[in-house]
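Pasted below: coords-v9.pdb, PDB, C-alpha atoms and all ligand atoms.
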```pdb
MODEL        1
ATOM      1  CA  MET A   1      15.704-268.192  -4.415
ATOM      2  CA  THR A   2      17.637-265.004  -3.759
ATOM      3  CA  SER A   3      20.510-264.751  -1.357
ATOM      4  CA  ASN A   4      22.157-261.757   0.262
ATOM      5  CA  ALA A   5      25.595-263.317   0.247
ATOM      6  CA  VAL A   6      26.841-261.413  -2.806
ATOM      7  CA  GLN A   7      27.557-257.844  -1.689
ATOM      8  CA  TRP A   8      28.999-254.699  -3.217
ATOM      9  CA  ASP A   9      31.935-252.940  -1.539
ATOM     10  CA  GLU A  10      31.368-249.239  -2.264
ATOM     11  CA  LYS A  11      34.858-248.175  -1.214
ATOM     12  CA  LEU A  12      36.672-250.724  -3.353
ATOM     13  CA  ASP A  13      33.950-250.673  -6.028
ATOM     14  CA  GLU A  14      33.833-254.444  -6.354
ATOM     15  CA  PRO A  15      31.570-257.361  -5.449
ATOM     16  CA  TYR A  16      32.474-259.776  -2.667
ATOM     17  CA  ILE A  17      31.213-262.817  -0.776
ATOM     18  CA  ASP A  18      32.203-263.324   2.857
ATOM     19  CA  ILE A  19      33.128-266.869   3.873
ATOM     20  CA  VAL A  20      30.908-267.085   6.911
ATOM     21  CA  ALA A  21      32.527-270.275   8.245
ATOM     22  CA  VAL A  22      35.976-268.621   8.355
ATOM     23  CA  PRO A  23      35.731-265.062   9.731
ATOM     24  CA  GLY A  24      37.878-262.488   7.912
ATOM     25  CA  ILE A  25      38.112-264.480   4.682
ATOM     26  CA  ARG A  26      36.423-263.107   1.575
ATOM     27  CA  LEU A  27      36.033-263.969  -2.113
ATOM     28  CA  THR A  28      36.571-261.019  -4.463
ATOM     29  CA  PRO A  29      37.610-260.423  -8.064
ATOM     30  CA  LEU A  30      41.297-260.007  -8.854
ATOM     31  CA  ARG A  31      42.604-256.437  -8.641
ATOM     32  CA  ASP A  32      45.343-254.439 -10.350
ATOM     33  CA  GLY A  33      48.324-254.777  -8.056
ATOM     34  CA  ASP A  34      47.636-258.430  -7.109
ATOM     35  CA  GLU A  35      50.420-259.672  -9.404
ATOM     36  CA  ALA A  36      53.122-259.756  -6.717
ATOM     37  CA  SER A  37      51.123-261.728  -4.151
ATOM     38  CA  ILE A  38      49.948-264.170  -6.814
ATOM     39  CA  ALA A  39      53.503-264.691  -8.051
ATOM     40  CA  LYS A  40      54.540-265.317  -4.435
ATOM     41  CA  LEU A  41      51.738-267.844  -4.000
ATOM     42  CA  GLN A  42      52.693-269.657  -7.178
ATOM     43  CA  ARG A  43      56.356-269.823  -6.218
ATOM     44  CA  GLU A  44      55.489-271.943  -3.171
ATOM     45  CA  PRO A  45      57.013-275.341  -4.085
ATOM     46  CA  MET A  46      53.966-277.395  -2.985
ATOM     47  CA  ILE A  47      51.745-275.215  -5.170
ATOM     48  CA  ALA A  48      54.129-275.018  -8.142
ATOM     49  CA  ALA A  49      54.378-278.830  -8.136
ATOM     50  CA  ARG A  50      50.627-279.112  -8.844
ATOM     51  CA  MET A  51      50.293-276.458 -11.542
ATOM     52  CA  TYR A  52      49.261-277.818 -14.928
ATOM     53  CA  THR A  53      49.757-274.524 -16.751
ATOM     54  CA  ILE A  54      52.288-271.832 -15.974
ATOM     55  CA  PRO A  55      50.300-268.598 -15.678
ATOM     56  CA  SER A  56      51.293-265.802 -18.063
ATOM     57  CA  ASP A  57      52.598-262.443 -16.818
ATOM     58  CA  ASP A  58      49.298-260.808 -17.789
ATOM     59  CA  PHE A  59      47.266-263.361 -15.746
ATOM     60  CA  VAL A  60      45.536-260.711 -13.609
ATOM     61  CA  LYS A  61      44.778-258.397 -16.537
ATOM     62  CA  LYS A  62      43.434-261.262 -18.669
ATOM     63  CA  ASN A  63      41.196-262.589 -15.920
ATOM     64  CA  MET A  64      39.878-259.144 -15.096
ATOM     65  CA  SER A  65      39.005-258.448 -18.714
ATOM     66  CA  GLU A  66      37.095-261.755 -18.915
ATOM     67  CA  VAL A  67      34.850-260.862 -15.959
ATOM     68  CA  ARG A  68      34.541-257.083 -16.329
ATOM     69  CA  GLU A  69      31.132-257.232 -18.032
ATOM     70  CA  THR A  70      29.749-259.610 -15.409
ATOM     71  CA  ILE A  71      30.944-257.296 -12.636
ATOM     72  CA  GLU A  72      29.417-254.214 -14.261
ATOM     73  CA  ALA A  73      26.089-256.022 -14.717
ATOM     74  CA  LEU A  74      26.263-257.298 -11.150
ATOM     75  CA  LYS A  75      26.803-253.799  -9.757
ATOM     76  CA  PHE A  76      23.579-252.762 -11.417
ATOM     77  CA  ALA A  77      21.647-255.906 -10.419
ATOM     78  CA  LEU A  78      22.572-255.676  -6.730
ATOM     79  CA  LYS A  79      20.940-252.232  -6.604
ATOM     80  CA  ASP A  80      17.815-253.424  -8.388
ATOM     81  CA  PRO A  81      16.146-256.411  -6.721
ATOM     82  CA  GLU A  82      13.861-256.824  -9.755
ATOM     83  CA  THR A  83      16.774-257.878 -11.997
ATOM     84  CA  PRO A  84      16.740-261.681 -12.359
ATOM     85  CA  HIS A  85      19.842-263.314 -10.951
ATOM     86  CA  THR A  86      20.331-265.484 -14.002
ATOM     87  CA  PHE A  87      21.408-262.534 -16.151
ATOM     88  CA  ALA A  88      24.942-262.948 -14.808
ATOM     89  CA  PHE A  89      27.447-265.329 -16.235
ATOM     90  CA  GLY A  90      31.088-266.123 -15.722
ATOM     91  CA  TYR A  91      32.928-266.408 -12.435
ATOM     92  CA  PRO A  92      34.227-263.118 -10.997
ATOM     93  CA  PHE A  93      35.390-264.287  -7.520
ATOM     94  CA  GLN A  94      38.842-265.737  -8.205
ATOM     95  CA  SER A  95      40.677-264.244  -5.207
ATOM     96  CA  ILE A  96      40.521-265.512  -1.656
ATOM     97  CA  ARG A  97      41.668-262.667   0.616
ATOM     98  CA  ASN A  98      42.533-262.305   4.277
ATOM     99  CA  SER A  99      41.310-259.415   6.439
ATOM    100  CA  ASP A 100      44.246-257.266   5.234
ATOM    101  CA  GLY A 101      43.051-257.701   1.655
ATOM    102  CA  GLU A 102      46.029-259.859   0.654
ATOM    103  CA  VAL A 103      45.462-262.666  -1.840
ATOM    104  CA  ILE A 104      46.017-265.893   0.083
ATOM    105  CA  GLY A 105      44.515-268.219  -2.489
ATOM    106  CA  LEU A 106      42.935-268.562  -5.910
ATOM    107  CA  LEU A 107      39.712-270.308  -6.851
ATOM    108  CA  SER A 108      39.104-270.468 -10.584
ATOM    109  CA  LEU A 109      36.193-271.675 -12.660
ATOM    110  CA  ARG A 110      36.229-272.060 -16.438
ATOM    111  CA  PRO A 111      34.195-273.832 -19.108
ATOM    112  CA  PHE A 112      35.532-277.400 -19.372
ATOM    113  CA  GLU A 113      37.589-277.712 -22.550
ATOM    114  CA  HIS A 114      37.968-281.506 -22.573
ATOM    115  CA  ASP A 115      34.315-282.426 -22.344
ATOM    116  CA  PRO A 116      33.772-286.144 -23.090
ATOM    117  CA  ARG A 117      30.964-285.187 -25.500
ATOM    118  CA  GLY A 118      33.790-283.971 -27.758
ATOM    119  CA  ILE A 119      32.461-280.448 -28.030
ATOM    120  CA  SER A 120      34.542-277.283 -28.061
ATOM    121  CA  LYS A 121      34.411-274.646 -25.338
ATOM    122  CA  GLU A 122      32.401-272.386 -27.679
ATOM    123  CA  GLN A 123      29.886-275.149 -28.448
ATOM    124  CA  MET A 124      29.475-275.855 -24.768
ATOM    125  CA  LEU A 125      28.881-272.201 -23.944
ATOM    126  CA  ALA A 126      26.104-272.234 -26.543
ATOM    127  CA  LEU A 127      24.285-275.039 -24.658
ATOM    128  CA  PRO A 128      21.571-274.299 -22.083
ATOM    129  CA  ARG A 129      23.311-273.554 -18.781
ATOM    130  CA  LYS A 130      22.010-276.726 -17.134
ATOM    131  CA  GLU A 131      23.886-278.802 -19.754
ATOM    132  CA  GLN A 132      27.215-277.022 -19.276
ATOM    133  CA  THR A 133      30.211-278.390 -17.366
ATOM    134  CA  TRP A 134      32.758-276.019 -15.809
ATOM    135  CA  ILE A 135      36.101-276.998 -14.291
ATOM    136  CA  VAL A 136      37.312-275.775 -10.886
ATOM    137  CA  GLY A 137      40.919-275.136  -9.847
ATOM    138  CA  TYR A 138      42.213-273.986  -6.476
ATOM    139  CA  LYS A 139      45.363-273.201  -4.535
ATOM    140  CA  LEU A 140      45.915-271.795  -1.053
ATOM    141  CA  HIS A 141      49.060-270.405   0.555
ATOM    142  CA  PRO A 142      50.559-273.088   2.855
ATOM    143  CA  ALA A 143      50.353-270.740   5.876
ATOM    144  CA  TYR A 144      46.550-270.881   5.610
ATOM    145  CA  GLN A 145      46.046-274.564   4.789
ATOM    146  CA  GLY A 146      44.284-277.139   6.974
ATOM    147  CA  LYS A 147      41.796-274.638   8.457
ATOM    148  CA  GLY A 148      38.843-275.455   6.196
ATOM    149  CA  ILE A 149      39.355-272.313   4.110
ATOM    150  CA  MET A 150      39.273-273.907   0.661
ATOM    151  CA  SER A 151      36.416-276.312   1.302
ATOM    152  CA  SER A 152      34.337-273.457   2.786
ATOM    153  CA  SER A 153      35.295-271.161  -0.115
ATOM    154  CA  LEU A 154      34.320-273.698  -2.751
ATOM    155  CA  LYS A 155      31.055-274.576  -0.980
ATOM    156  CA  THR A 156      30.208-270.887  -0.639
ATOM    157  CA  ALA A 157      31.050-270.169  -4.289
ATOM    158  CA  ILE A 158      28.789-273.056  -5.359
ATOM    159  CA  ASP A 159      25.855-272.193  -3.085
ATOM    160  CA  GLU A 160      25.957-268.418  -3.382
ATOM    161  CA  TRP A 161      27.092-267.792  -6.932
ATOM    162  CA  ILE A 162      27.458-270.812  -9.225
ATOM    163  CA  LYS A 163      24.036-272.336  -8.495
ATOM    164  CA  PRO A 164      21.855-269.260  -7.991
ATOM    165  CA  TRP A 165      23.494-266.858 -10.467
ATOM    166  CA  MET A 166      25.241-268.934 -13.128
ATOM    167  CA  GLY A 167      22.926-271.939 -13.095
ATOM    168  CA  VAL A 168      25.399-274.324 -14.749
ATOM    169  CA  GLY A 169      24.588-278.035 -14.452
ATOM    170  CA  GLN A 170      27.860-279.672 -13.524
ATOM    171  CA  LEU A 171      31.338-279.016 -12.131
ATOM    172  CA  THR A 172      34.436-281.099 -12.723
ATOM    173  CA  ALA A 173      37.931-281.315 -11.224
ATOM    174  CA  GLY A 174      41.057-283.269 -12.197
ATOM    175  CA  ILE A 175      43.133-284.274  -9.174
ATOM    176  CA  GLU A 176      46.432-286.141  -8.953
ATOM    177  CA  LEU A 177      46.115-289.436  -7.119
ATOM    178  CA  ASP A 178      48.766-288.515  -4.550
ATOM    179  CA  ASN A 179      47.230-285.103  -3.745
ATOM    180  CA  LEU A 180      45.535-286.185  -0.541
ATOM    181  CA  ALA A 181      44.383-282.726   0.546
ATOM    182  CA  SER A 182      42.724-282.006  -2.788
ATOM    183  CA  LEU A 183      41.109-285.467  -2.969
ATOM    184  CA  ALA A 184      39.700-285.018   0.551
ATOM    185  CA  LEU A 185      38.474-281.540  -0.334
ATOM    186  CA  ALA A 186      36.640-282.729  -3.466
ATOM    187  CA  GLU A 187      34.907-285.455  -1.505
ATOM    188  CA  ARG A 188      33.989-283.131   1.344
ATOM    189  CA  VAL A 189      32.363-280.740  -1.144
ATOM    190  CA  GLY A 190      30.372-283.606  -2.685
ATOM    191  CA  PHE A 191      32.244-284.411  -5.893
ATOM    192  CA  ARG A 192      32.177-288.071  -7.000
ATOM    193  CA  ARG A 193      35.093-289.870  -8.617
ATOM    194  CA  GLU A 194      34.387-291.009 -12.178
ATOM    195  CA  LEU A 195      37.601-292.480 -13.559
ATOM    196  CA  VAL A 196      41.377-292.265 -13.412
ATOM    197  CA  ILE A 197      43.239-291.116 -16.517
ATOM    198  CA  ASP A 198      46.874-290.639 -17.533
ATOM    199  CA  ILE A 199      47.388-287.188 -18.913
ATOM    200  CA  PRO A 200      50.474-285.695 -20.562
ATOM    201  CA  TRP A 201      51.819-283.023 -18.187
ATOM    202  CA  THR A 202      52.914-279.614 -19.441
ATOM    203  CA  THR A 203      56.362-279.944 -17.835
ATOM    204  CA  GLY A 204      56.919-283.426 -19.306
ATOM    205  CA  GLY A 205      55.873-287.020 -18.653
ATOM    206  CA  THR A 206      52.369-288.118 -17.731
ATOM    207  CA  ARG A 207      50.483-287.970 -14.454
ATOM    208  CA  LYS A 208      47.568-290.000 -13.105
ATOM    209  CA  LEU A 209      44.532-287.843 -12.487
ATOM    210  CA  ALA A 210      41.242-288.734 -10.846
ATOM    211  CA  HIS A 211      38.404-287.137 -12.770
ATOM    212  CA  TYR A 212      35.676-285.835 -10.400
ATOM    213  CA  LEU A 213      32.154-284.599 -11.117
ATOM    214  CA  LYS A 214      29.491-282.797  -9.144
ATOM    215  CA  ASP A 215      25.938-282.306 -10.376
ATOM    216  CA  LEU A 216      24.418-279.032  -9.240
TER
HETATM  217  C1  LIG A 301      44.187-278.542  -1.873
HETATM  218  C2  LIG A 301      44.215-277.304  -0.985
HETATM  219  C3  LIG A 301      43.639-276.125  -1.751
HETATM  220  C4  LIG A 301      43.348-277.586   0.260
HETATM  221  O1  LIG A 301      43.089-276.380   0.965
HETATM  222  P1  LIG A 301      42.761-276.326   2.534
HETATM  223  O2  LIG A 301      42.078-275.046   2.838
HETATM  224  O3  LIG A 301      43.972-276.653   3.303
HETATM  225  O4  LIG A 301      41.714-277.534   2.669
HETATM  226  P2  LIG A 301      40.663-277.687   3.833
HETATM  227  O5  LIG A 301      41.274-277.222   5.118
HETATM  228  O6  LIG A 301      39.371-277.069   3.418
HETATM  229  O7  LIG A 301      40.534-279.274   3.940
HETATM  230  C5  LIG A 301      39.840-280.046   3.006
HETATM  231  C6  LIG A 301      40.071-281.498   3.321
HETATM  232  O8  LIG A 301      41.436-281.858   3.053
HETATM  233  C7  LIG A 301      42.014-282.464   4.201
HETATM  234  N1  LIG A 301      43.434-282.104   4.195
HETATM  235  C8  LIG A 301      43.953-280.868   4.273
HETATM  236  N2  LIG A 301      45.294-280.922   4.195
HETATM  237  C9  LIG A 301      45.603-282.246   4.080
HETATM  238  C10 LIG A 301      46.821-282.955   3.941
HETATM  239  N3  LIG A 301      47.995-282.319   3.916
HETATM  240  N4  LIG A 301      46.767-284.311   3.834
HETATM  241  C11 LIG A 301      45.588-284.961   3.843
HETATM  242  N5  LIG A 301      44.402-284.328   3.941
HETATM  243  C12 LIG A 301      44.417-282.995   4.070
HETATM  244  C13 LIG A 301      41.250-281.886   5.350
HETATM  245  O9  LIG A 301      41.330-282.716   6.504
HETATM  246  C14 LIG A 301      39.859-281.871   4.782
HETATM  247  O10 LIG A 301      39.319-283.179   4.761
HETATM  248  P3  LIG A 301      38.092-283.585   5.695
HETATM  249  O11 LIG A 301      36.974-282.742   5.228
HETATM  250  O12 LIG A 301      37.918-285.018   5.389
HETATM  251  O13 LIG A 301      38.543-283.253   7.082
HETATM  252  C15 LIG A 301      45.644-276.935  -0.523
HETATM  253  O14 LIG A 301      46.203-278.083   0.102
HETATM  254  C16 LIG A 301      46.560-276.501  -1.651
HETATM  255  O15 LIG A 301      46.562-275.352  -2.022
HETATM  256  N6  LIG A 301      47.377-277.434  -2.191
HETATM  257  C17 LIG A 301      48.344-277.112  -3.248
HETATM  258  C18 LIG A 301      47.697-276.791  -4.570
HETATM  259  C19 LIG A 301      46.793-277.920  -5.042
HETATM  260  O16 LIG A 301      47.073-279.072  -4.835
HETATM  261  N7  LIG A 301      45.698-277.545  -5.718
HETATM  262  C20 LIG A 301      44.724-278.515  -6.214
HETATM  263  C21 LIG A 301      45.165-279.105  -7.503
HETATM  264  S1  LIG A 301      43.977-280.342  -8.046
ENDMDL
END
```
Can you give me the file's structure in the form of structure tokens?
Ligand SMILES: CC(C)(COP(=O)(O)OP(=O)(O)OC[C@H]1O[C@@H](n2cnc3c(N)ncnc32)[C@H](O)[C@@H]1OP(=O)(O)O)[C@@H](O)C(=O)NCCC(=O)NCCS
Amino acid sequence: MTSNAVQWDEKLDEPYIDIVAVPGIRLTPLRDGDEASIAKLQREPMIAARMYTIPSDDFVKKNMSEVRETIEALKFALKDPETPHTFAFGYPFQSIRNSDGEVIGLLSLRPFEHDPRGISKEQMLALPRKEQTWIVGYKLHPAYQGKGIMSSSLKTAIDEWIKPWMGVGQLTAGIELDNLASLALAERVGFRRELVIDIPWTTGGTRKLAHYLKDL
């Protein structure tokens, strides 16, 4: 089934998806110049406390280079309704922006590197899409929290891009047991809790994480 949710912004020359449930909020790719607002977001103590990896200085550049091909192909496909949606792969909508275009949150999606089948990321990417598991990560500036923005963004990303365009079979998320907002969000979006594991944390010690799955 095709959907009109993925659009092309001619002025900014980029794809976007509007979050219908929260007027003014939009998913877009990262852009050159986003570094400062992302650094600001990641300096927020309640966000920094949850970060497993410290993003590198070239975070924006690296992410953009990973999705450039998908975006180019998408630009073409949106103008040609005959192009099958499933040509596209990867996740190019990492930024959540307000109506001024500022990055207020990040929603990431990557191939799951700790798959219980014991396969590498490369081996998983070689599997049929329906057998692949990808991991989601998200953070939202505290000024925008508690308004349904992240649950609507994740639901929209799943329904309008991940299912119809990527066609991967399963999503996963690892959430700390005391992160009530993130646990509630995962359940609201239909993830189910599988098990709780202790994982060594990058900044030292171990943390208890609930491992969640969602079949698509
Ligand atoms: C997790 C996070 C992205 C949620 O974003 P959000 O837009 O505020 O979430 P939503 O408004 O869509 O709410 C989702 C659910 O969480 C609940 N929730 C939101 N804030 C909460 C809080 N402080 N305590 C308990 N529940 C909370 C909401 O009530 C809602 O649950 P419901 O559907 O049962 O009503 C945001 O809190 C955040 O960025 N936290 C810091 C970074 C982080 O923890 N990332 C995830 C790492 S696994």
Find the residue from A:Pro128, A:Gly174, A:Pro92, A:Pro55 that sits nearest to A:Ala39; use only C-alpha atoms when measuring.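 Looking only at the distances to A:Ala39, the closest residue turns out to be A:Pro55.
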*asked:* Within 10 Å of ligand LIG 301 (chain A) (counting only C-alpha atoms and all ligand atoms), which residues show up? I'd like them as an MDAnalysis selection string.
replied: chainID A and resid 41:42 44:52 104:107 136:155 173:189 209:211
Result set of the PyMOL selection byres (((chain A and resi 62-76) around 7) and not hetatm) on the coordinates above, as a PDB file with C-alpha atoms, in the frame of the given file:
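Okay, this is what ended up in out03.pdb:
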```
ATOM      1  CA  TRP A   8      28.999-254.699  -3.217  1.00  0.00           C
ATOM      2  CA  LEU A  30      41.297-260.007  -8.854  1.00  0.00           C
ATOM      3  CA  ASP A  58      49.298-260.808 -17.789  1.00  0.00           C
ATOM      4  CA  PHE A  59      47.266-263.361 -15.746  1.00  0.00           C
ATOM      5  CA  VAL A  60      45.536-260.711 -13.609  1.00  0.00           C
ATOM      6  CA  LYS A  61      44.778-258.397 -16.537  1.00  0.00           C
ATOM      7  CA  ALA A  77      21.647-255.906 -10.419  1.00  0.00           C
ATOM      8  CA  LEU A  78      22.572-255.676  -6.730  1.00  0.00           C
ATOM      9  CA  LYS A  79      20.940-252.232  -6.604  1.00  0.00           C
ATOM     10  CA  ASP A  80      17.815-253.424  -8.388  1.00  0.00           C
ATOM     11  CA  ALA A  88      24.942-262.948 -14.808  1.00  0.00           C
ATOM     12  CA  PHE A  89      27.447-265.329 -16.235  1.00  0.00           C
ATOM     13  CA  GLY A  90      31.088-266.123 -15.722  1.00  0.00           C
ATOM     14  CA  TYR A  91      32.928-266.408 -12.435  1.00  0.00           C
ATOM     15  CA  PRO A  92      34.227-263.118 -10.997  1.00  0.00           C
TER      16      PRO A  92
END
```
Expressed in Å, the length from atom CA of A:Ile197 to atom CA of A:Lys214 is 17.7 Å
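Atom CA of A:Arg192 lies 25.1 Å from atom CA of A:Gln123.
Comparing the minimum interatomic distances between A:Ala126 and each of A:Pro111, A:Glu35, A:Trp165, A:Asn4, counting only C-alpha atoms, we find that A:Pro111 sits nearest.
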Judged by only C-alpha atoms, the minimum distance to A:Glu14 among A:Gly204, A:Asp34, A:Ile135, A:Phe93 is found for A:Phe93
Hits of the PyMOL selection byres (((chain A and resi 131) around 12) and not hetatm) in this structure, as a PyMOL selection string: chain A and resi 111-112+115+117+123-130+132-134+166-171+215-216
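Here atom CA of A:Ile162 stands at a distance of 26.3 Å from atom CA of A:Gly33.
For the set A:Gln7, A:Asn98, A:Thr53, A:Ser37, the residue with the smallest atom-to-atom gap to A:Thr202 is A:Thr53, counting all atoms listed in the file.
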A:Arg26 surroundings by only C-alpha atoms, 6 Å radius, close-in-sequence under 6 positions cut, as a ChimeraX atom specification
/A:17-19,96-97
Report as number ranges by chain all protein, DNA and RNA residues lying within 9 Å of A:Ser99, evaluated on all atoms listed in the file, omitting residues in the same chain fewer than 4 positions from it.
A: 23-26
Build an axis-aligned box that encloses every atom of stretch 24-32 of chain A listed in the file, pad it by 4 Å on each side, and report its centre and edge lengths in Å to one decimal, as AutoDock Vina command-line options.
```
--center_x 40.7 --center_y -259.5 --center_z -1.2 --size_x 17.3 --size_y 18.0 --size_z 26.3
```
| query | Closest to A:Ala5 among A:Pro164, A:Pro116, A:Pro84, A:Pro200, using all atoms listed in the file? | reply |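 Counting all atoms listed in the file, the residue closest to A:Ala5 is A:Pro164.
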Out of A:Ile158, A:Ile199, A:Val22, A:Ala36, which residue has the shortest atom-to-atom distance to A:His114 when counting only C-alpha atoms?
->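 Comparing A:Ile158, A:Ile199, A:Val22, A:Ala36 against A:His114, the winner is A:Ile199.
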